[in-house]
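Below is run-v7.cif, which holds mmCIF, C-alpha atoms.
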```cif
data_start
#
loop_
_atom_site.label_atom_id
_atom_site.label_comp_id
_atom_site.auth_asym_id
_atom_site.auth_seq_id
_atom_site.Cartn_x
_atom_site.Cartn_y
_atom_site.Cartn_z
CA SER A 1 -7.66 8.55 -1.22
CA PHE A 2 -9.66 7.91 -4.44
CA ASP A 3 -13.00 8.38 -2.71
CA VAL A 4 -13.79 11.21 -5.14
CA ASP A 5 -13.54 11.44 -8.90
CA SER A 6 -10.09 12.65 -9.97
CA GLU A 7 -11.63 15.39 -12.10
CA GLU A 8 -12.29 17.25 -8.83
CA TYR A 9 -8.65 17.46 -7.77
CA CYS A 10 -6.85 16.90 -11.06
CA PRO A 11 -8.86 18.55 -13.87
CA ASP A 12 -7.96 18.13 -17.53
CA ARG A 13 -6.60 21.68 -17.72
CA LEU A 14 -4.05 20.77 -15.03
CA LEU A 15 -3.06 17.58 -16.86
CA GLU A 16 -2.70 19.56 -20.08
CA SER A 17 -0.45 22.09 -18.34
CA TYR A 18 1.66 19.23 -16.96
CA ARG A 19 2.01 17.80 -20.46
CA ARG A 20 3.03 21.19 -21.88
CA VAL A 21 5.91 21.55 -19.42
CA GLY A 22 7.10 17.97 -19.92
CA ILE A 23 5.76 16.25 -16.81
CA ASN A 24 5.27 12.61 -17.71
CA ALA A 25 4.55 11.08 -14.29
CA ILE A 26 2.79 11.88 -11.03
CA TYR A 27 2.50 9.94 -7.82
CA THR A 28 -0.02 9.71 -5.05
CA GLN A 29 -0.14 7.84 -1.80
CA ALA A 30 -2.16 4.66 -1.64
CA VAL A 31 -3.24 2.37 1.18
CA LEU A 32 -3.63 -1.25 0.09
CA TYR A 33 -6.73 -2.01 2.15
CA MET A 34 -8.44 1.03 0.65
CA LEU A 35 -7.91 -0.30 -2.92
CA SER A 36 -8.41 -4.03 -2.36
CA GLU A 37 -10.26 -6.34 -0.05
CA PHE A 38 -8.59 -6.62 3.37
CA PRO A 39 -8.90 -10.36 4.07
CA PHE A 40 -8.51 -10.05 7.84
CA ASP A 41 -11.32 -7.52 8.35
CA LYS A 42 -13.42 -6.72 5.30
CA THR A 43 -15.00 -3.71 7.04
CA GLN A 44 -11.60 -1.94 6.76
CA SER A 45 -11.83 -2.05 2.97
CA ALA A 46 -15.51 -1.21 2.53
CA GLY A 47 -15.99 0.72 -0.72
CA TYR A 48 -12.66 -0.33 -2.23
CA GLU A 49 -14.32 -1.14 -5.57
CA LYS A 50 -15.31 2.51 -6.07
CA ARG A 51 -11.84 3.74 -5.11
CA LEU A 52 -10.24 1.21 -7.46
CA ALA A 53 -12.51 2.38 -10.30
CA ASN A 54 -11.53 5.99 -9.56
CA LEU A 55 -7.85 5.03 -9.70
CA LYS A 56 -8.40 3.34 -13.06
CA LYS A 57 -10.16 6.42 -14.37
CA LEU A 58 -7.30 8.65 -13.18
CA THR A 59 -4.71 6.46 -14.95
CA GLU A 60 -6.78 6.55 -18.15
CA ARG A 61 -7.22 10.32 -18.01
CA CYS A 62 -3.52 10.86 -17.37
CA ALA A 63 -2.55 8.50 -20.19
CA LYS A 64 -4.33 10.81 -22.65
CA TYR A 65 -1.72 13.43 -21.73
CA GLY A 66 1.26 11.05 -21.75
CA ILE A 67 1.39 10.94 -17.96
CA LYS A 68 1.86 7.80 -15.86
CA VAL A 69 0.49 7.47 -12.33
CA PHE A 70 2.65 5.82 -9.68
CA LEU A 71 1.42 4.77 -6.25
CA TYR A 72 3.46 5.39 -3.11
CA LEU A 73 3.11 2.46 -0.70
CA ASN A 74 4.15 2.42 2.94
CA GLU A 75 2.77 -0.96 3.96
CA PRO A 76 1.44 -2.98 5.61
CA ARG A 77 -0.30 -0.39 7.74
CA SER A 78 -0.25 -0.89 11.49
CA MET A 79 -3.41 -1.88 13.30
CA ASN A 80 -4.68 -1.32 16.82
CA LYS A 81 -4.79 -3.76 19.74
CA ALA A 82 -8.46 -4.64 19.15
CA PHE A 83 -7.59 -5.92 15.65
CA PHE A 84 -4.94 -8.25 17.11
CA ASP A 85 -7.30 -9.53 19.78
CA ALA A 86 -9.08 -11.20 16.83
CA HIS A 87 -5.86 -12.00 14.89
CA PRO A 88 -3.06 -12.63 17.41
CA HIS A 89 -1.04 -14.77 14.98
CA LEU A 90 -0.51 -11.72 12.70
CA LYS A 91 0.91 -9.50 15.47
CA GLY A 92 4.37 -8.09 15.01
CA HIS A 93 6.35 -5.28 16.61
CA THR A 94 4.33 -3.16 19.05
CA GLU A 95 4.78 0.57 19.59
CA ASP A 96 1.61 1.13 21.62
CA ASP A 97 -2.00 -0.11 21.68
CA ASP A 98 -2.83 1.85 18.52
CA HIS A 99 0.30 0.98 16.50
CA ILE A 100 1.07 -2.70 16.10
CA CYS A 101 2.63 -4.17 12.96
CA LEU A 102 1.13 -6.79 10.72
CA CYS A 103 4.18 -9.08 10.72
CA THR A 104 5.57 -9.71 7.23
CA SER A 105 7.28 -12.85 8.53
CA VAL A 106 3.79 -14.37 8.48
CA LYS A 107 2.93 -15.78 5.04
CA GLU A 108 -0.70 -14.61 5.28
CA VAL A 109 0.49 -11.01 5.54
CA ARG A 110 2.84 -11.34 2.56
CA ASP A 111 0.03 -13.00 0.59
CA TYR A 112 -2.27 -10.09 1.47
CA ILE A 113 0.30 -7.60 0.15
CA SER A 114 0.96 -9.46 -3.10
CA ASP A 115 -2.74 -10.17 -3.69
CA ALA A 116 -3.65 -6.52 -3.07
CA VAL A 117 -0.97 -5.29 -5.49
CA GLU A 118 -2.16 -7.81 -8.08
CA THR A 119 -5.75 -6.58 -7.67
CA ILE A 120 -4.66 -2.99 -8.21
CA CYS A 121 -2.56 -3.85 -11.27
CA ARG A 122 -5.31 -5.95 -12.88
CA ASN A 123 -7.92 -3.26 -12.34
CA ALA A 124 -5.77 -0.27 -13.32
CA PRO A 125 -3.61 -1.69 -16.14
CA LEU A 126 -2.27 1.75 -17.14
CA LEU A 127 -0.72 2.28 -13.71
CA GLY A 128 2.94 3.27 -14.06
CA GLY A 129 4.06 1.32 -11.01
CA PHE A 130 4.84 1.67 -7.34
CA PHE A 131 7.46 3.21 -5.17
CA CYS A 132 7.72 1.98 -1.66
CA MET A 133 9.19 3.02 1.67
CA ALA A 134 9.78 0.58 4.45
CA MET A 135 11.23 2.85 7.15
CA SER A 136 9.38 6.14 7.36
CA GLU A 137 6.83 7.99 9.46
CA ASN A 138 4.28 5.16 9.33
CA LEU A 139 4.74 2.01 11.38
CA SER A 140 4.62 -0.73 8.79
CA ASN A 141 7.03 -3.68 9.07
CA CYS A 142 8.55 -4.85 12.36
CA TYR A 143 11.76 -2.86 11.72
CA SER A 144 10.22 0.31 10.32
CA HIS A 145 10.80 2.25 13.55
CA VAL A 146 13.56 0.19 15.22
CA ARG A 147 17.06 -0.42 13.92
CA THR A 148 18.21 -3.39 16.00
CA SER A 149 16.84 -6.83 16.75
CA GLU A 150 17.16 -6.04 20.47
CA ALA A 151 14.66 -3.18 20.09
CA CYS A 152 12.20 -5.29 18.05
CA THR A 153 9.35 -6.72 20.13
CA CYS A 154 8.24 -9.25 17.47
CA PRO A 155 9.36 -12.75 18.48
CA ARG A 156 9.68 -13.82 14.81
CA CYS A 157 11.43 -10.79 13.34
CA LYS A 158 13.88 -10.23 16.19
CA LYS A 159 15.51 -13.51 15.05
CA ARG A 160 15.91 -12.17 11.51
CA SER A 161 17.89 -9.40 9.89
CA ILE A 162 16.42 -6.03 8.98
CA GLY A 163 17.23 -6.77 5.33
CA GLU A 164 15.28 -10.03 5.35
CA VAL A 165 12.21 -8.47 6.95
CA VAL A 166 12.18 -5.33 4.79
CA GLY A 167 13.03 -7.35 1.69
CA GLU A 168 9.96 -9.51 2.17
CA PHE A 169 7.72 -6.48 1.82
CA PHE A 170 9.40 -5.40 -1.41
CA GLY A 171 9.31 -9.00 -2.65
CA ALA A 172 5.58 -9.28 -1.96
CA VAL A 173 4.89 -6.06 -3.91
CA ARG A 174 6.99 -7.29 -6.82
CA GLU A 175 5.35 -10.73 -6.79
CA GLY A 176 1.86 -9.20 -7.02
CA ALA A 177 2.84 -6.85 -9.85
CA ASP A 178 4.67 -9.59 -11.73
CA ARG A 179 1.55 -11.75 -11.77
CA VAL A 180 -0.02 -9.11 -14.02
CA ASN A 181 2.92 -7.82 -16.09
#
```

Let me see whether you can do it: turn the structure in this file into structure tokens.
Amino acid sequence: SFDVDSEEYCPDRLLESYRRVGINAIYTQAVLYMLSEFPFDKTQSAGYEKRLANLKKLTERCAKYGIKVFLYLNEPRSMNKAFFDAHPHLKGHTEDDDHICLCTSVKEVRDYISDAVETICRNAPLLGGFFCMAMSENLSNCYSHVRTSEACTCPRCKKRSIGEVVGEFFGAVREGADRVN
């Protein structure tokens, strides 16, 4: 998570050993609301400025050894029922009361993703980039855990193809990164 200084888990001697054996990139998982302000509930992102500064420092330290840092994104992260009691218009596919999608068919959600990626890119300009998964262990988009529109409980996404829904996430990430470089 970037709550601690990278020197604690990735000391210079490790980076030097990576450089010596030809490693030129590393990746680490990131959660957007932990590295940028979460517009729907700012308490979720409390302390993001410190984590963002720690990410920047990691990218700068790695750059000294010819190593790029890439962030793995599996977004947007699901929220619990209480969150959607306050934001029902953002609700997407539901697995259970603790795992409900932020629906990427809603422009506000796509804007959150692209704005968060832009924030990260602006504040950590040496970042190598992102790699993203849309259908994995984490419930993220409305089709991340279902493979048919019949199984999708989101009234918006069940009318759309899997490719359209998943593509919107990737498009939002790209849009945010493109605003920077």

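Picture a line from atom CA of A:Arg61 to atom CA of A:Val180; it runs 21.1 Å.
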
Could you check which of A:Asp41, A:Glu95, A:Asp12, A:Glu49 is closest to A:Tyr65, using all atoms listed in the file? A:Asp12

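Take the candidates A:Ala30, A:Ile100, A:Leu71, A:Ala134 and check each one against A:Asp85 using all atoms listed in the file; the shortest distance goes to A:Ile100.
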
Can you measure atom CA of A:Phe2 to atom CA of A:Arg51 for me? One decimal in Å is fine. 4.8 Å

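This file gives the following result for the PyMOL selection byres ((chain A and resi 70) around 8): Ala25, Ile26, Tyr27, Thr28, Lys68, Val69, Leu71, Tyr72, Leu127, Gly128, Gly129, Phe130 and Phe131 of chain A.
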
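On the file presented, the PyMOL selection byres ((chain A and resi 169) around 9) picks out Glu75, Pro76, Thr104, Arg110, Ile113, Ser114, Ala134, Asn141, Val165, Val166, Gly167, Glu168, Phe170, Gly171, Ala172, Val173 and Arg174 of chain A.
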
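The residue that comes closest to A:Asp98, out of A:Leu139, A:Ala53, A:Val4, A:Leu126 and on the basis of only C-alpha atoms, is A:Leu139.
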
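Atom to atom, atom CA of A:Val21 and atom CA of A:Lys56 stand 24.0 Å apart.
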
Taking (-2.7, -8.0, -13.8) in the coordinates of the supplied file, I want to know which residues reach to within 10 Å of it, counting all atoms listed in the file; could you give the answer as a PDB file with C-alpha atoms, keeping the file's coordinate frame?
```pdb
ATOM      1  CA  VAL A 117      -0.970  -5.290  -5.490  1.00  0.00           C
ATOM      2  CA  GLU A 118      -2.160  -7.810  -8.080  1.00  0.00           C
ATOM      3  CA  THR A 119      -5.750  -6.580  -7.670  1.00  0.00           C
ATOM      4  CA  ILE A 120      -4.660  -2.990  -8.210  1.00  0.00           C
ATOM      5  CA  CYS A 121      -2.560  -3.850 -11.270  1.00  0.00           C
ATOM      6  CA  ARG A 122      -5.310  -5.950 -12.880  1.00  0.00           C
ATOM      7  CA  ASN A 123      -7.920  -3.260 -12.340  1.00  0.00           C
ATOM      8  CA  ALA A 124      -5.770  -0.270 -13.320  1.00  0.00           C
ATOM      9  CA  PRO A 125      -3.610  -1.690 -16.140  1.00  0.00           C
ATOM     10  CA  GLY A 176       1.860  -9.200  -7.020  1.00  0.00           C
ATOM     11  CA  ALA A 177       2.840  -6.850  -9.850  1.00  0.00           C
ATOM     12  CA  ASP A 178       4.670  -9.590 -11.730  1.00  0.00           C
ATOM     13  CA  ARG A 179       1.550 -11.750 -11.770  1.00  0.00           C
ATOM     14  CA  VAL A 180      -0.020  -9.110 -14.020  1.00  0.00           C
ATOM     15  CA  ASN A 181       2.920  -7.820 -16.090  1.00  0.00           C
TER      16      ASN A 181
END
```

For the PyMOL selection byres ((chain A and resi 58) around 9), applied here, can you spell out every residue it catches as an MDAnalysis selection string? chainID A and resid 5:7 10 53:57 59:63 69

Next, dump the selected residues to file, keeping only C-alpha atoms, as a JSON list (two decimals), keeping the file's coordinate frame.
```json
[["chain", "number", "residue", "atom", "x", "y", "z"],
["A", 5, "ASP", "CA", -13.54, 11.44, -8.90],
["A", 6, "SER", "CA", -10.09, 12.65, -9.97],
["A", 7, "GLU", "CA", -11.63, 15.39, -12.10],
["A", 10, "CYS", "CA", -6.85, 16.90, -11.06],
["A", 53, "ALA", "CA", -12.51, 2.38, -10.30],
["A", 54, "ASN", "CA", -11.53, 5.99, -9.56],
["A", 55, "LEU", "CA", -7.85, 5.03, -9.70],
["A", 56, "LYS", "CA", -8.40, 3.34, -13.06],
["A", 57, "LYS", "CA", -10.16, 6.42, -14.37],
["A", 59, "THR", "CA", -4.71, 6.46, -14.95],
["A", 60, "GLU", "CA", -6.78, 6.55, -18.15],
["A", 61, "ARG", "CA", -7.22, 10.32, -18.01],
["A", 62, "CYS", "CA", -3.52, 10.86, -17.37],
["A", 63, "ALA", "CA", -2.55, 8.50, -20.19],
["A", 69, "VAL", "CA", 0.49, 7.47, -12.33]]
```

Which residue gives the smallest distance to A:Lys50 among A:Asp96, A:Cys132, A:Asp3, A:Lys91, with only C-alpha atoms counted? A:Asp3

If I put a ball of radius 12 Å at (-13.6, -2.4, 9.9) in the file's coordinates, which residues poke into it when counting all atoms listed in the file, written as a PyMOL selection string? chain A and resi 33-34+37-47+79-80+82-83

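Summary of the local environment: counting only C-alpha atoms, residues at most 8 Å from stretch 147-156 of chain A, other than itself and those fewer than 5 positions away along its chain, are A:Lys91, A:Gly92, A:His93, A:Thr94, A:Cys103, A:Ser105, A:Cys142, A:Ser161, A:Ile162.
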
Provide stretch 132-150 of chain A rebuilt to N, CA and C atoms, formatted as a PDB file, in the coordinates of the input.
```
ATOM      1  N   CYS A 132       8.018   2.442  -3.004  1.00  0.00           N
ATOM      2  CA  CYS A 132       7.720   1.980  -1.660  1.00  0.00           C
ATOM      3  C   CYS A 132       8.758   2.469  -0.659  1.00  0.00           C
ATOM      4  N   MET A 133       8.302   2.715   0.551  1.00  0.00           N
ATOM      5  CA  MET A 133       9.190   3.020   1.670  1.00  0.00           C
ATOM      6  C   MET A 133       8.893   2.022   2.777  1.00  0.00           C
ATOM      7  N   ALA A 134       9.946   1.564   3.398  1.00  0.00           N
ATOM      8  CA  ALA A 134       9.780   0.580   4.450  1.00  0.00           C
ATOM      9  C   ALA A 134      10.164   1.116   5.825  1.00  0.00           C
ATOM     10  N   MET A 135      10.795   2.284   5.871  1.00  0.00           N
ATOM     11  CA  MET A 135      11.230   2.850   7.150  1.00  0.00           C
ATOM     12  C   MET A 135      10.971   4.346   7.103  1.00  0.00           C
ATOM     13  N   SER A 136       9.744   4.735   7.434  1.00  0.00           N
ATOM     14  CA  SER A 136       9.380   6.140   7.360  1.00  0.00           C
ATOM     15  C   SER A 136       8.489   6.501   8.544  1.00  0.00           C
ATOM     16  N   GLU A 137       7.664   7.509   8.364  1.00  0.00           N
ATOM     17  CA  GLU A 137       6.830   7.990   9.460  1.00  0.00           C
ATOM     18  C   GLU A 137       5.763   6.990   9.897  1.00  0.00           C
ATOM     19  N   ASN A 138       5.311   6.133   8.992  1.00  0.00           N
ATOM     20  CA  ASN A 138       4.280   5.160   9.330  1.00  0.00           C
ATOM     21  C   ASN A 138       4.907   3.873   9.862  1.00  0.00           C
ATOM     22  N   LEU A 139       4.312   3.326  10.904  1.00  0.00           N
ATOM     23  CA  LEU A 139       4.740   2.010  11.380  1.00  0.00           C
ATOM     24  C   LEU A 139       4.187   0.992  10.397  1.00  0.00           C
ATOM     25  N   SER A 140       5.071   0.254   9.771  1.00  0.00           N
ATOM     26  CA  SER A 140       4.620  -0.730   8.790  1.00  0.00           C
ATOM     27  C   SER A 140       5.212  -2.094   9.142  1.00  0.00           C
ATOM     28  N   ASN A 141       6.419  -2.393   8.729  1.00  0.00           N
ATOM     29  CA  ASN A 141       7.030  -3.680   9.070  1.00  0.00           C
ATOM     30  C   ASN A 141       7.646  -3.626  10.475  1.00  0.00           C
ATOM     31  N   CYS A 142       8.066  -4.762  10.973  1.00  0.00           N
ATOM     32  CA  CYS A 142       8.550  -4.850  12.360  1.00  0.00           C
ATOM     33  C   CYS A 142       9.841  -4.067  12.604  1.00  0.00           C
ATOM     34  N   TYR A 143      10.549  -3.665  11.558  1.00  0.00           N
ATOM     35  CA  TYR A 143      11.760  -2.860  11.720  1.00  0.00           C
ATOM     36  C   TYR A 143      11.581  -1.427  11.215  1.00  0.00           C
ATOM     37  N   SER A 144      10.386  -1.019  10.892  1.00  0.00           N
ATOM     38  CA  SER A 144      10.220   0.310  10.320  1.00  0.00           C
ATOM     39  C   SER A 144      10.587   1.435  11.274  1.00  0.00           C
ATOM     40  N   HIS A 145      10.457   1.209  12.575  1.00  0.00           N
ATOM     41  CA  HIS A 145      10.800   2.250  13.550  1.00  0.00           C
ATOM     42  C   HIS A 145      11.906   1.827  14.511  1.00  0.00           C
ATOM     43  N   VAL A 146      12.433   0.638  14.384  1.00  0.00           N
ATOM     44  CA  VAL A 146      13.560   0.190  15.220  1.00  0.00           C
ATOM     45  C   VAL A 146      14.686  -0.258  14.305  1.00  0.00           C
ATOM     46  N   ARG A 147      15.902  -0.127  14.773  1.00  0.00           N
ATOM     47  CA  ARG A 147      17.060  -0.420  13.920  1.00  0.00           C
ATOM     48  C   ARG A 147      17.904  -1.592  14.410  1.00  0.00           C
ATOM     49  N   THR A 148      17.460  -2.239  15.493  1.00  0.00           N
ATOM     50  CA  THR A 148      18.210  -3.390  16.000  1.00  0.00           C
ATOM     51  C   THR A 148      17.234  -4.488  16.400  1.00  0.00           C
ATOM     52  N   SER A 149      17.703  -5.712  16.348  1.00  0.00           N
ATOM     53  CA  SER A 149      16.840  -6.830  16.750  1.00  0.00           C
ATOM     54  C   SER A 149      16.519  -6.758  18.247  1.00  0.00           C
ATOM     55  N   GLU A 150      17.422  -6.174  19.036  1.00  0.00           N
ATOM     56  CA  GLU A 150      17.160  -6.040  20.470  1.00  0.00           C
ATOM     57  C   GLU A 150      15.973  -5.134  20.738  1.00  0.00           C
TER      58      GLU A 150
END
```
